[in-house]
Structures are given as C-alpha cells and as structure tokens.
Amino acid sequence: MDANELLKKVRKIEIKTKGLSQNIFAGEYHSAFKGRGMTFSEVREYQYGDDIRDIDWNVTARHNHPYVKVYEEERELTVMLIIDVSGSRNFGAVGEQKREMIAEIAATIAFSAIQNNDKIGVIFFSDKVEKFIPPKKGRKHILFIIRELLDFTPESQGTDIGVAVRYMTDAIKKRCTTFIISDFIDKHDYYQALSIANNKHDVAAVQVYDKRDSQLPDVGLMRVVDMETGADRWVNTSSNKVRQTFNKWWYERQQTMIERFNKCRVSHTSVATDEDYVKALMSLFKTRELR
C-alpha cells in the first residue's frame with residue numbers, strides 16, 4: 001500500500017471511528033470499564049443521607065458544622081489491544097475482509113479510551129508476538145496504531161493466541177483492561193493462559209468472522225486454501241453431507257469457545273464482516289455494566 005492510499009484509509013477510519021466513540025460509545029465505555037479506585041476531590045457541608053464515615057472531622061471542628069469528604073472515581077486505565085495479524089484475517093468472501101473490520105473495531109475502542117484519558121497499547125500476534133506498542137495517550141499515538149493495523153506485515157501466518165496472552169500478562173505489570181480481537185481460529189489450547197490473564201487483568205474477547213467461515217455455499221466443486229498453512233484441497237459443496245458436516249463443526253466449535261470464555265469469566269461478543277459491529281460492541285459494553 002503506497003503512502004497516499006494509506007493516509008486516505010487512516011483518515012477514513014479516524015473520521016468514522018472517532019465519531020462512533022464520541023456519539024455512541026462514550027457513556028457505555030465509561031460505565032463498562034471502571035477506574036482503579038476513588039480519589040479525594042473536595043469537602044462540602046453534610047447533607048441528610050450522607051455516610052457518616054465520610055465526615056472530615058478536622059474541617060468539622062474548625063467550622064463547628066459537619067463536613068464530608070467527596071471522592072471521585074480515578075478514571076485513568078491502561079487498555080491493551082491484542083490484535084490477530086495471522087493469515088486468516090485476510091479472508092473476506094462476504095462483506096469486507098476481516099482485517100478491515102478488526103482495524104475499525106480496534107480504532108473505535110482506542111478513541112473511546114483516549115476520550116476517557118486512558119492509555120492504549122497494542123500487541124500484534126500470529127503464532128508469535130509480532131510487535132508490541134507500549135501504552136500511551138493521545139491522537140498521534142492512535143493514528144500510529146491505525147497505520148500499523150492497516151499496513152503491518154507479519155513474519156508468520158500462523159495463530160497462537162496463548163503466546164500473545166502470556167506475553168501481555170508478563171509485560172503489563174499493573175492491572176489493565178484487555179481486548180483480544182481475532183477470528184479465534186486457533187488449533188492451540190489458549191484457555192489456561194486466558195484464565196490466568198483474567199485473574200490479573202480484565203479481559204474481553206471480540207470475535208470477527210466471515211459468513212463463509214461458518215457455512216459453505218452450494219457452488220459445486222470448490223478449491224479451498226488454508227491462508228495460514230497454504231494447504232489446499234477440492235471440496236464438493238453441492239453435497240448436503242459435506243455442508244452439514246461443516247456447519248456442525250462450526251457450531252460445535254463456537255459452543256466450545258463460548259463455554260470456555262464463560263468458564264474463564266471473559267466477556268465476549270461475535271460479529272460477522274457483513275454485520276454492524278456497533279451492535280456487537282454495545283452488547284459487550286452492556287454485558288460488562290451488569291457484572
């Protein structure tokens with residue numbers, strides 16, 4: 001991708017996702033992702049119903065009238081995006097490619113984070129950690145992340161989510177909020193790493209998939225290629241048995257993934273590339289507000 005085309009795409013994503021984060025997600029993000037605690041703000045006169053444990057006795061003694069301490073939520077968080085850059089993200093038979101939607105979702109979360117004065121960092125992964133961008137604040141930092149999302153070329157095409165999750169757990173010492181954005185097509189067992197990470201941090205999963213990941217079209221003989229290994233084979237998609245077997249595999253895989261997310265207490269949502277990811281993110285945020 002040449003520089004001019006890249007800048008146009010970055011600007012397009014910035015306009016769309018910044019608008020979404022300002023107009024739709026600002027309140028939901030704030031409610032869903034809490035700060036680290038409460039900090040002292042000011043004192044005011046005692047009012048009926050105030051907790052007597054908040055009375056500031058020194059100020060009360062000086063004024064001969066009860067005053068209470070007022071606290072504010074300490075909002076600043078560190079937000080980490082763990083982004084799948086494996087070969088399967090380049091697939092897009094229905095709607096846009098997965099990599100494009102992943103970039104938009106990541107940018108929307110990033111702009112929501114900086115509006116709340118949170119730091120944002122990124123880990124790109126395939127079957128290894130490809131790149132680590134330390135958490136920082138500011139629009140310039142977000143635009144750098146978007147450029148990398150659109151133009152980054154990984155060294156490997158495979159997928160190992162556990163490697164990225166373990167790296168994040170070790171690299172980020174203080175508690176953070178982490179979003180894993182991936183199609184979660186991974187032959188490795190990453191759930192132990194996920195469970196350990198969620199005990200230390202606050203983890204949420206966003207699955208981005210294509211409809212052709214979940215069902216085969218009836219188009220006769222079709223050559224399919226594994227975008228991560230390069231292996232290919234011919235499949236008779238006109239066979240009801242073949243399509244039903246594939247659909248069953250996808251359904252069982254999804255059910256296993258959801259059950260394990262729930263067991264690890266990881267918030268999660270899924271969205272197809274031809275769907276509106278706004279609804280998926282809203283659902284994720286609302287779920288977290290109820291926790």
# chains A, B, ... in the order shown; residues from 1 in each chain; ligands from 1

call {"tool": "residues_around", "arguments": {"residues": "A:Val163", "least_positions_apart": "3", "cutoff": "8 Å", "atoms": "only C-alpha atoms", "output": "PyMOL selection string"}}
result
chain A and resi 127-129+160+166-167

call {"tool": "residues_around", "arguments": {"residues": "A:Lys279", "least_positions_apart": "5", "cutoff": "10 Å", "atoms": "only C-alpha atoms", "output": "list in words"}}
result
Thr269, Ser270, Val271, Leu284 and Phe285 of chain A

call {"tool": "write_last_selection", "arguments": {"atoms": "C-alpha atoms", "output": "PDB file, in the first residue's frame"}}
result
ATOM      1  CA  THR A 269     -19.051 -10.925  21.580  1.00  0.00           C
ATOM      2  CA  SER A 270     -19.013 -12.045  17.942  1.00  0.00           C
ATOM      3  CA  VAL A 271     -19.628 -10.153  14.709  1.00  0.00           C
ATOM      4  CA  LEU A 284     -20.240  -6.288  25.057  1.00  0.00           C
ATOM      5  CA  PHE A 285     -20.284  -2.993  26.993  1.00  0.00           C
TER       6      PHE A 285
END

call {"tool": "select_by_dssp", "arguments": {"residues": "stretch 98-165 of chain A", "states": "helix (DSSP H, G or I)", "output": "MDAnalysis selection string"}}
result
chainID A and resid 98:115 139:151 161:165

call {"tool": "residues_around", "arguments": {"residues": "A:Asp51", "least_positions_apart": "4", "cutoff": "10 Å", "atoms": "only C-alpha atoms", "output": "ChimeraX atom specification"}}
result
/A:46-47,55,68-69

call {"tool": "write_last_selection", "arguments": {"atoms": "all heavy atoms", "output": "JSON list (two decimals), in the first residue's frame"}}
result
[["chain", "number", "residue", "atom", "x", "y", "z"],
["A", 46, "TYR", "N", -22.27, 18.67, 55.29],
["A", 46, "TYR", "CA", -23.01, 17.42, 55.45],
["A", 46, "TYR", "C", -24.47, 17.62, 55.04],
["A", 46, "TYR", "O", -25.09, 18.64, 55.35],
["A", 46, "TYR", "CB", -22.94, 16.97, 56.90],
["A", 46, "TYR", "CG", -23.76, 15.72, 57.19],
["A", 46, "TYR", "CD1", -23.23, 14.46, 57.01],
["A", 46, "TYR", "CD2", -25.08, 15.83, 57.66],
["A", 46, "TYR", "CE1", -23.98, 13.32, 57.28],
["A", 46, "TYR", "CE2", -25.84, 14.70, 57.93],
["A", 46, "TYR", "CZ", -25.28, 13.44, 57.73],
["A", 46, "TYR", "OH", -26.03, 12.31, 57.99],
["A", 47, "GLN", "N", -25.01, 16.65, 54.28],
["A", 47, "GLN", "CA", -26.41, 16.67, 53.89],
["A", 47, "GLN", "C", -27.07, 15.39, 54.38],
["A", 47, "GLN", "O", -26.42, 14.35, 54.54],
["A", 47, "GLN", "CB", -26.55, 16.77, 52.36],
["A", 47, "GLN", "CG", -25.97, 18.05, 51.78],
["A", 47, "GLN", "CD", -26.00, 18.05, 50.26],
["A", 47, "GLN", "OE1", -26.51, 17.13, 49.64],
["A", 47, "GLN", "NE2", -25.46, 19.10, 49.67],
["A", 55, "ILE", "N", -17.34, 11.82, 57.06],
["A", 55, "ILE", "CA", -17.19, 13.12, 57.73],
["A", 55, "ILE", "C", -15.71, 13.45, 57.91],
["A", 55, "ILE", "O", -14.91, 12.61, 58.35],
["A", 55, "ILE", "CB", -17.91, 13.12, 59.10],
["A", 55, "ILE", "CG1", -19.43, 13.04, 58.91],
["A", 55, "ILE", "CG2", -17.54, 14.36, 59.91],
["A", 55, "ILE", "CD1", -20.20, 12.97, 60.22],
["A", 68, "VAL", "N", -18.31, 16.71, 54.93],
["A", 68, "VAL", "CA", -17.95, 15.36, 54.46],
["A", 68, "VAL", "C", -16.97, 15.46, 53.31],
["A", 68, "VAL", "O", -16.93, 16.44, 52.56],
["A", 68, "VAL", "CB", -19.20, 14.56, 54.01],
["A", 68, "VAL", "CG1", -20.11, 14.26, 55.18],
["A", 68, "VAL", "CG2", -19.94, 15.28, 52.89],
["A", 69, "LYS", "N", -16.16, 14.41, 53.18],
["A", 69, "LYS", "CA", -15.23, 14.31, 52.06],
["A", 69, "LYS", "C", -15.96, 13.80, 50.82],
["A", 69, "LYS", "O", -16.81, 12.90, 50.91],
["A", 69, "LYS", "CB", -14.08, 13.36, 52.39],
["A", 69, "LYS", "CG", -13.20, 13.81, 53.54],
["A", 69, "LYS", "CD", -12.13, 12.76, 53.85],
["A", 69, "LYS", "CE", -11.27, 13.20, 55.02],
["A", 69, "LYS", "NZ", -10.24, 12.18, 55.37]]

call {"tool": "select_by_dssp", "arguments": {"residues": "stretch 74-133 of chain A", "states": "strand (DSSP E or B)", "output": "count of residues only"}}
result
20

call {"tool": "atom_distance", "arguments": {"atom1": "atom CA of A:Lys200", "atom2": "atom CA of A:Ile82"}}
result
15.7 Å

call {"tool": "residues_around", "arguments": {"residues": "A:Ser86", "least_positions_apart": "5", "cutoff": "6 Å", "atoms": "only C-alpha atoms", "output": "number ranges by chain"}}
result
A: 126, 157-159

call {"tool": "write_last_selection", "arguments": {"atoms": "N, CA, C and O atoms", "output": "short mmCIF file (atom, residue, chain, number, x, y, z; two decimals), in the first residue's frame"}}
result
data_model
loop_
_atom_site.label_atom_id
_atom_site.label_comp_id
_atom_site.auth_asym_id
_atom_site.auth_seq_id
_atom_site.Cartn_x
_atom_site.Cartn_y
_atom_site.Cartn_z
N SER A 126 0.76 -13.43 15.66
CA SER A 126 0.42 -14.52 14.74
C SER A 126 0.56 -15.79 15.58
O SER A 126 -0.17 -15.95 16.55
N GLN A 157 2.39 -16.56 9.44
CA GLN A 157 0.97 -16.57 9.07
C GLN A 157 0.11 -17.38 10.03
O GLN A 157 -1.11 -17.37 9.95
N GLY A 158 0.74 -18.10 10.96
CA GLY A 158 0.00 -18.96 11.87
C GLY A 158 -0.69 -18.20 12.99
O GLY A 158 -0.64 -16.97 13.07
N THR A 159 -1.34 -18.96 13.90
CA THR A 159 -2.07 -18.35 15.02
C THR A 159 -1.77 -19.11 16.31
O THR A 159 -1.87 -20.33 16.35
#

call {"tool": "closest_residue", "arguments": {"among": "A:Val242, A:Met168, A:Ala107, A:Val219", "to": "A:Gly19", "atoms": "only C-alpha atoms"}}
result
A:Ala107

call {"tool": "closest_residue", "arguments": {"among": "A:Gly162, A:Asn90, A:Lys211, A:Ile114", "to": "A:Lys140", "atoms": "only C-alpha atoms"}}
result
A:Ile114

call {"tool": "residues_around", "arguments": {"residues": "stretch 116-120 of chain A", "least_positions_apart": "4", "cutoff": "7 Å", "atoms": "only C-alpha atoms", "output": "number ranges by chain"}}
result
A: 76-80, 110, 112, 135-137

call {"tool": "closest_residue", "arguments": {"among": "A:Asp189, A:Gly87, A:Ile181, A:Val206", "to": "A:Thr229", "atoms": "only C-alpha atoms"}}
result
A:Gly87

call {"tool": "closest_atom_pairs", "arguments": {"of": "stretch 44-110 of chain A", "to": "stretch 146-154 of chain A", "cutoff": "12 Å", "atoms": "only C-alpha atoms", "output": "JSON lines"}}
result
{"residue": "A:Leu81", "atom": "CA", "partner": "A:Leu149", "partner_atom": "CA", "distance": 11.1}
{"residue": "A:Ile82", "atom": "CA", "partner": "A:Leu149", "partner_atom": "CA", "distance": 11.4}
{"residue": "A:Ile83", "atom": "CA", "partner": "A:Leu149", "partner_atom": "CA", "distance": 8.5}
{"residue": "A:Asp84", "atom": "CA", "partner": "A:Leu149", "partner_atom": "CA", "distance": 9.9}
{"residue": "A:Val85", "atom": "CA", "partner": "A:Pro154", "partner_atom": "CA", "distance": 6.6}
{"residue": "A:Ser86", "atom": "CA", "partner": "A:Pro154", "partner_atom": "CA", "distance": 7.3}
{"residue": "A:Gly87", "atom": "CA", "partner": "A:Pro154", "partner_atom": "CA", "distance": 8.7}
{"residue": "A:Arg89", "atom": "CA", "partner": "A:Leu149", "partner_atom": "CA", "distance": 11.4}
{"residue": "A:Asn90", "atom": "CA", "partner": "A:Leu150", "partner_atom": "CA", "distance": 11.2}
{"residue": "A:Gln97", "atom": "CA", "partner": "A:Leu150", "partner_atom": "CA", "distance": 11.5}
{"residue": "A:Lys98", "atom": "CA", "partner": "A:Leu150", "partner_atom": "CA", "distance": 11.4}
{"residue": "A:Arg99", "atom": "CA", "partner": "A:Leu150", "partner_atom": "CA", "distance": 7.8}
{"residue": "A:Glu100", "atom": "CA", "partner": "A:Leu150", "partner_atom": "CA", "distance": 7.4}
{"residue": "A:Met101", "atom": "CA", "partner": "A:Leu150", "partner_atom": "CA", "distance": 10.4}
{"residue": "A:Ile102", "atom": "CA", "partner": "A:Leu149", "partner_atom": "CA", "distance": 8.3}
{"residue": "A:Ala103", "atom": "CA", "partner": "A:Leu149", "partner_atom": "CA", "distance": 5.7}
{"residue": "A:Glu104", "atom": "CA", "partner": "A:Ile146", "partner_atom": "CA", "distance": 8.5}
{"residue": "A:Ile105", "atom": "CA", "partner": "A:Ile146", "partner_atom": "CA", "distance": 10.5}
{"residue": "A:Ala106", "atom": "CA", "partner": "A:Ile146", "partner_atom": "CA", "distance": 8.2}
{"residue": "A:Ala107", "atom": "CA", "partner": "A:Ile146", "partner_atom": "CA", "distance": 6.5}
{"residue": "A:Thr108", "atom": "CA", "partner": "A:Ile146", "partner_atom": "CA", "distance": 10.3}
{"residue": "A:Ile109", "atom": "CA", "partner": "A:Ile146", "partner_atom": "CA", "distance": 11.5}
{"residue": "A:Ala110", "atom": "CA", "partner": "A:Ile146", "partner_atom": "CA", "distance": 9.4}

call {"tool": "write_last_selection", "arguments": {"atoms": "N, CA, C and O atoms", "output": "PDB file, in the first residue's frame"}}
result
ATOM      1  N   LEU A  81      -4.803  -3.715  23.430  1.00  0.00           N
ATOM      2  CA  LEU A  81      -5.450  -4.405  22.320  1.00  0.00           C
ATOM      3  C   LEU A  81      -4.535  -5.536  21.868  1.00  0.00           C
ATOM      4  O   LEU A  81      -3.377  -5.293  21.507  1.00  0.00           O
ATOM      5  N   ILE A  82      -5.033  -6.760  21.921  1.00  0.00           N
ATOM      6  CA  ILE A  82      -4.278  -7.909  21.409  1.00  0.00           C
ATOM      7  C   ILE A  82      -4.890  -8.254  20.052  1.00  0.00           C
ATOM      8  O   ILE A  82      -6.014  -8.755  19.975  1.00  0.00           O
ATOM      9  N   ILE A  83      -4.164  -7.957  18.972  1.00  0.00           N
ATOM     10  CA  ILE A  83      -4.714  -7.988  17.619  1.00  0.00           C
ATOM     11  C   ILE A  83      -4.146  -9.155  16.818  1.00  0.00           C
ATOM     12  O   ILE A  83      -2.924  -9.312  16.679  1.00  0.00           O
ATOM     13  N   ASP A  84      -5.033  -9.940  16.241  1.00  0.00           N
ATOM     14  CA  ASP A  84      -4.679 -11.080  15.391  1.00  0.00           C
ATOM     15  C   ASP A  84      -4.230 -10.575  14.015  1.00  0.00           C
ATOM     16  O   ASP A  84      -4.999  -9.917  13.310  1.00  0.00           O
ATOM     17  N   VAL A  85      -2.965 -10.858  13.642  1.00  0.00           N
ATOM     18  CA  VAL A  85      -2.476 -10.469  12.306  1.00  0.00           C
ATOM     19  C   VAL A  85      -2.089 -11.706  11.502  1.00  0.00           C
ATOM     20  O   VAL A  85      -1.276 -11.644  10.581  1.00  0.00           O
ATOM     21  N   SER A  86      -2.674 -12.860  11.844  1.00  0.00           N
ATOM     22  CA  SER A  86      -2.378 -14.103  11.137  1.00  0.00           C
ATOM     23  C   SER A  86      -2.977 -14.088   9.738  1.00  0.00           C
ATOM     24  O   SER A  86      -3.742 -13.197   9.373  1.00  0.00           O
ATOM     25  N   GLY A  87      -2.648 -15.107   8.956  1.00  0.00           N
ATOM     26  CA  GLY A  87      -3.086 -15.156   7.569  1.00  0.00           C
ATOM     27  C   GLY A  87      -4.588 -15.175   7.386  1.00  0.00           C
ATOM     28  O   GLY A  87      -5.116 -14.628   6.410  1.00  0.00           O
ATOM     29  N   ARG A  89      -6.869 -13.511   8.754  1.00  0.00           N
ATOM     30  CA  ARG A  89      -7.532 -12.197   8.821  1.00  0.00           C
ATOM     31  C   ARG A  89      -7.716 -11.594   7.429  1.00  0.00           C
ATOM     32  O   ARG A  89      -8.514 -10.671   7.236  1.00  0.00           O
ATOM     33  N   ASN A  90      -6.977 -12.115   6.421  1.00  0.00           N
ATOM     34  CA  ASN A  90      -7.075 -11.574   5.069  1.00  0.00           C
ATOM     35  C   ASN A  90      -8.235 -12.161   4.280  1.00  0.00           C
ATOM     36  O   ASN A  90      -8.468 -11.784   3.130  1.00  0.00           O
ATOM     37  N   GLN A  97     -12.972  -7.562   4.244  1.00  0.00           N
ATOM     38  CA  GLN A  97     -12.043  -8.508   4.837  1.00  0.00           C
ATOM     39  C   GLN A  97     -12.056  -8.368   6.355  1.00  0.00           C
ATOM     40  O   GLN A  97     -12.324  -7.310   6.901  1.00  0.00           O
ATOM     41  N   LYS A  98     -11.718  -9.472   7.012  1.00  0.00           N
ATOM     42  CA  LYS A  98     -11.687  -9.438   8.471  1.00  0.00           C
ATOM     43  C   LYS A  98     -10.691  -8.403   8.982  1.00  0.00           C
ATOM     44  O   LYS A  98     -10.932  -7.748   9.993  1.00  0.00           O
ATOM     45  N   ARG A  99      -9.573  -8.238   8.289  1.00  0.00           N
ATOM     46  CA  ARG A  99      -8.547  -7.309   8.762  1.00  0.00           C
ATOM     47  C   ARG A  99      -9.071  -5.874   8.798  1.00  0.00           C
ATOM     48  O   ARG A  99      -8.694  -5.089   9.677  1.00  0.00           O
ATOM     49  N   GLU A 100      -9.969  -5.516   7.851  1.00  0.00           N
ATOM     50  CA  GLU A 100     -10.518  -4.159   7.814  1.00  0.00           C
ATOM     51  C   GLU A 100     -11.463  -3.905   8.992  1.00  0.00           C
ATOM     52  O   GLU A 100     -11.436  -2.847   9.615  1.00  0.00           O
ATOM     53  N   MET A 101     -12.308  -4.902   9.285  1.00  0.00           N
ATOM     54  CA  MET A 101     -13.206  -4.746  10.425  1.00  0.00           C
ATOM     55  C   MET A 101     -12.435  -4.759  11.739  1.00  0.00           C
ATOM     56  O   MET A 101     -12.751  -3.998  12.662  1.00  0.00           O
ATOM     57  N   ILE A 102     -11.418  -5.600  11.838  1.00  0.00           N
ATOM     58  CA  ILE A 102     -10.577  -5.621  13.035  1.00  0.00           C
ATOM     59  C   ILE A 102      -9.963  -4.247  13.272  1.00  0.00           C
ATOM     60  O   ILE A 102      -9.932  -3.747  14.397  1.00  0.00           O
ATOM     61  N   ALA A 103      -9.484  -3.616  12.193  1.00  0.00           N
ATOM     62  CA  ALA A 103      -8.881  -2.285  12.309  1.00  0.00           C
ATOM     63  C   ALA A 103      -9.900  -1.263  12.800  1.00  0.00           C
ATOM     64  O   ALA A 103      -9.596  -0.420  13.657  1.00  0.00           O
ATOM     65  N   GLU A 104     -11.130  -1.311  12.285  1.00  0.00           N
ATOM     66  CA  GLU A 104     -12.160  -0.350  12.696  1.00  0.00           C
ATOM     67  C   GLU A 104     -12.572  -0.558  14.157  1.00  0.00           C
ATOM     68  O   GLU A 104     -12.749   0.410  14.907  1.00  0.00           O
ATOM     69  N   ILE A 105     -12.736  -1.813  14.551  1.00  0.00           N
ATOM     70  CA  ILE A 105     -13.120  -2.092  15.937  1.00  0.00           C
ATOM     71  C   ILE A 105     -12.017  -1.635  16.889  1.00  0.00           C
ATOM     72  O   ILE A 105     -12.283  -0.990  17.911  1.00  0.00           O
ATOM     73  N   ALA A 106     -10.772  -1.936  16.544  1.00  0.00           N
ATOM     74  CA  ALA A 106      -9.649  -1.529  17.392  1.00  0.00           C
ATOM     75  C   ALA A 106      -9.580  -0.007  17.500  1.00  0.00           C
ATOM     76  O   ALA A 106      -9.354   0.541  18.585  1.00  0.00           O
ATOM     77  N   ALA A 107      -9.783   0.693  16.372  1.00  0.00           N
ATOM     78  CA  ALA A 107      -9.727   2.150  16.376  1.00  0.00           C
ATOM     79  C   ALA A 107     -10.861   2.745  17.204  1.00  0.00           C
ATOM     80  O   ALA A 107     -10.672   3.734  17.923  1.00  0.00           O
ATOM     81  N   THR A 108     -12.058   2.162  17.115  1.00  0.00           N
ATOM     82  CA  THR A 108     -13.200   2.647  17.903  1.00  0.00           C
ATOM     83  C   THR A 108     -12.924   2.521  19.397  1.00  0.00           C
ATOM     84  O   THR A 108     -13.176   3.446  20.170  1.00  0.00           O
ATOM     85  N   ILE A 109     -12.393   1.375  19.809  1.00  0.00           N
ATOM     86  CA  ILE A 109     -12.055   1.187  21.219  1.00  0.00           C
ATOM     87  C   ILE A 109     -10.951   2.150  21.639  1.00  0.00           C
ATOM     88  O   ILE A 109     -10.998   2.739  22.723  1.00  0.00           O
ATOM     89  N   ALA A 110      -9.963   2.344  20.762  1.00  0.00           N
ATOM     90  CA  ALA A 110      -8.845   3.229  21.085  1.00  0.00           C
ATOM     91  C   ALA A 110      -9.308   4.670  21.283  1.00  0.00           C
ATOM     92  O   ALA A 110      -8.902   5.332  22.247  1.00  0.00           O
TER      93      ALA A 110
END

call {"tool": "residues_around", "arguments": {"residues": "A:Val235", "least_positions_apart": "5", "cutoff": "10 Å", "atoms": "only C-alpha atoms", "output": "list in words"}}
result
Leu216, Val219, Gly220, Leu221, Met222, Arg223, Val224, Val242 and Arg243 of chain A

call {"tool": "atom_distance", "arguments": {"atom1": "atom CA of A:Ile172", "atom2": "atom CA of A:Lys263"}}
result
23.3 Å

call {"tool": "closest_residue", "arguments": {"among": "A:Thr178, A:Ser156, A:Asn262, A:Thr245", "to": "A:Ser88", "atoms": "only C-alpha atoms"}}
result
A:Ser156

call {"tool": "closest_residue", "arguments": {"among": "A:Ile15, A:Ala205, A:Val122, A:Val10", "to": "A:Arg260", "atoms": "only C-alpha atoms"}}
result
A:Ala205

call {"tool": "closest_residue", "arguments": {"among": "A:Asp232, A:Glu130, A:Asp170, A:Asp274", "to": "A:Arg212", "atoms": "only C-alpha atoms"}}
result
A:Asp274

call {"tool": "decode", "arguments": {"residues": "stretch 231-241 of chain A", "atoms": "all heavy atoms", "output": "CSV table (one decimal), in the first residue's frame"}}
result
chain,number,residue,atom,x,y,z
A,231,ALA,N,-2.0,-25.0,2.7
A,231,ALA,CA,-2.6,-26.3,2.2
A,231,ALA,C,-3.9,-26.0,1.4
A,231,ALA,O,-4.6,-25.2,1.8
A,231,ALA,CB,-2.8,-27.2,3.4
A,232,ASP,N,-4.1,-26.8,0.4
A,232,ASP,CA,-5.3,-26.7,-0.4
A,232,ASP,C,-6.0,-28.0,-0.7
A,232,ASP,O,-5.3,-29.0,-0.7
A,232,ASP,CB,-5.1,-25.9,-1.7
A,232,ASP,CG,-4.2,-26.6,-2.7
A,232,ASP,OD1,-3.5,-27.6,-2.3
A,232,ASP,OD2,-4.2,-26.2,-3.8
A,233,ARG,N,-7.3,-28.0,-1.0
A,233,ARG,CA,-8.0,-29.2,-1.4
A,233,ARG,C,-9.3,-28.8,-2.1
A,233,ARG,O,-9.7,-27.7,-2.0
A,233,ARG,CB,-8.3,-30.0,-0.1
A,233,ARG,CG,-9.2,-29.4,0.8
A,233,ARG,CD,-9.4,-30.2,2.1
A,233,ARG,NE,-9.8,-31.5,1.9
A,233,ARG,CZ,-10.0,-32.4,2.8
A,233,ARG,NH1,-9.7,-32.1,4.1
A,233,ARG,NH2,-10.4,-33.7,2.6
A,234,TRP,N,-9.8,-29.8,-2.8
A,234,TRP,CA,-11.1,-29.5,-3.5
A,234,TRP,C,-12.2,-30.1,-2.7
A,234,TRP,O,-12.1,-31.2,-2.1
A,234,TRP,CB,-11.1,-30.2,-4.9
A,234,TRP,CG,-10.2,-29.5,-5.9
A,234,TRP,CD1,-8.9,-29.8,-6.1
A,234,TRP,CD2,-10.6,-28.5,-6.7
A,234,TRP,NE1,-8.4,-29.0,-7.1
A,234,TRP,CE2,-9.4,-28.1,-7.5
A,234,TRP,CE3,-11.7,-27.8,-6.9
A,234,TRP,CZ2,-9.4,-27.1,-8.4
A,234,TRP,CZ3,-11.7,-26.7,-7.9
A,234,TRP,CH2,-10.6,-26.4,-8.6
A,235,VAL,N,-13.3,-29.3,-2.6
A,235,VAL,CA,-14.4,-29.7,-1.7
A,235,VAL,C,-15.7,-29.7,-2.6
A,235,VAL,O,-15.9,-28.7,-3.3
A,235,VAL,CB,-14.6,-28.7,-0.5
A,235,VAL,CG1,-15.9,-29.1,0.2
A,235,VAL,CG2,-13.4,-28.8,0.3
A,236,ASN,N,-16.5,-30.7,-2.5
A,236,ASN,CA,-17.8,-30.8,-3.3
A,236,ASN,C,-18.9,-30.1,-2.4
A,236,ASN,O,-19.5,-30.7,-1.6
A,236,ASN,CB,-18.2,-32.2,-3.6
A,236,ASN,CG,-19.5,-32.3,-4.4
A,236,ASN,OD1,-19.9,-31.3,-4.9
A,236,ASN,ND2,-20.0,-33.5,-4.5
A,237,THR,N,-19.1,-28.8,-2.6
A,237,THR,CA,-20.0,-28.1,-1.8
A,237,THR,C,-21.5,-28.4,-2.2
A,237,THR,O,-22.4,-27.9,-1.5
A,237,THR,CB,-19.8,-26.5,-1.9
A,237,THR,OG1,-20.0,-26.1,-3.3
A,237,THR,CG2,-18.4,-26.2,-1.5
A,238,SER,N,-21.7,-29.1,-3.3
A,238,SER,CA,-23.1,-29.5,-3.6
A,238,SER,C,-23.6,-30.6,-2.8
A,238,SER,O,-24.8,-31.0,-2.8
A,238,SER,CB,-23.1,-29.8,-5.1
A,238,SER,OG,-22.9,-28.7,-5.9
A,239,SER,N,-22.6,-31.3,-2.0
A,239,SER,CA,-23.0,-32.4,-1.2
A,239,SER,C,-23.6,-31.9,0.1
A,239,SER,O,-23.0,-31.1,0.9
A,239,SER,CB,-21.8,-33.2,-0.9
A,239,SER,OG,-22.0,-34.1,0.2
A,240,ASN,N,-24.9,-32.3,0.4
A,240,ASN,CA,-25.5,-31.9,1.6
A,240,ASN,C,-24.8,-32.4,2.8
A,240,ASN,O,-24.7,-31.7,3.8
A,240,ASN,CB,-27.0,-32.5,1.7
A,240,ASN,CG,-27.9,-31.7,0.7
A,240,ASN,OD1,-27.8,-30.6,0.5
A,240,ASN,ND2,-28.9,-32.5,0.2
A,241,LYS,N,-24.2,-33.6,2.7
A,241,LYS,CA,-23.5,-34.2,3.8
A,241,LYS,C,-22.2,-33.3,4.2
A,241,LYS,O,-21.9,-33.1,5.3
A,241,LYS,CB,-23.0,-35.6,3.5
A,241,LYS,CG,-22.3,-36.3,4.6
A,241,LYS,CD,-22.0,-37.7,4.3
A,241,LYS,CE,-21.2,-38.4,5.4
A,241,LYS,NZ,-20.9,-39.8,5.1
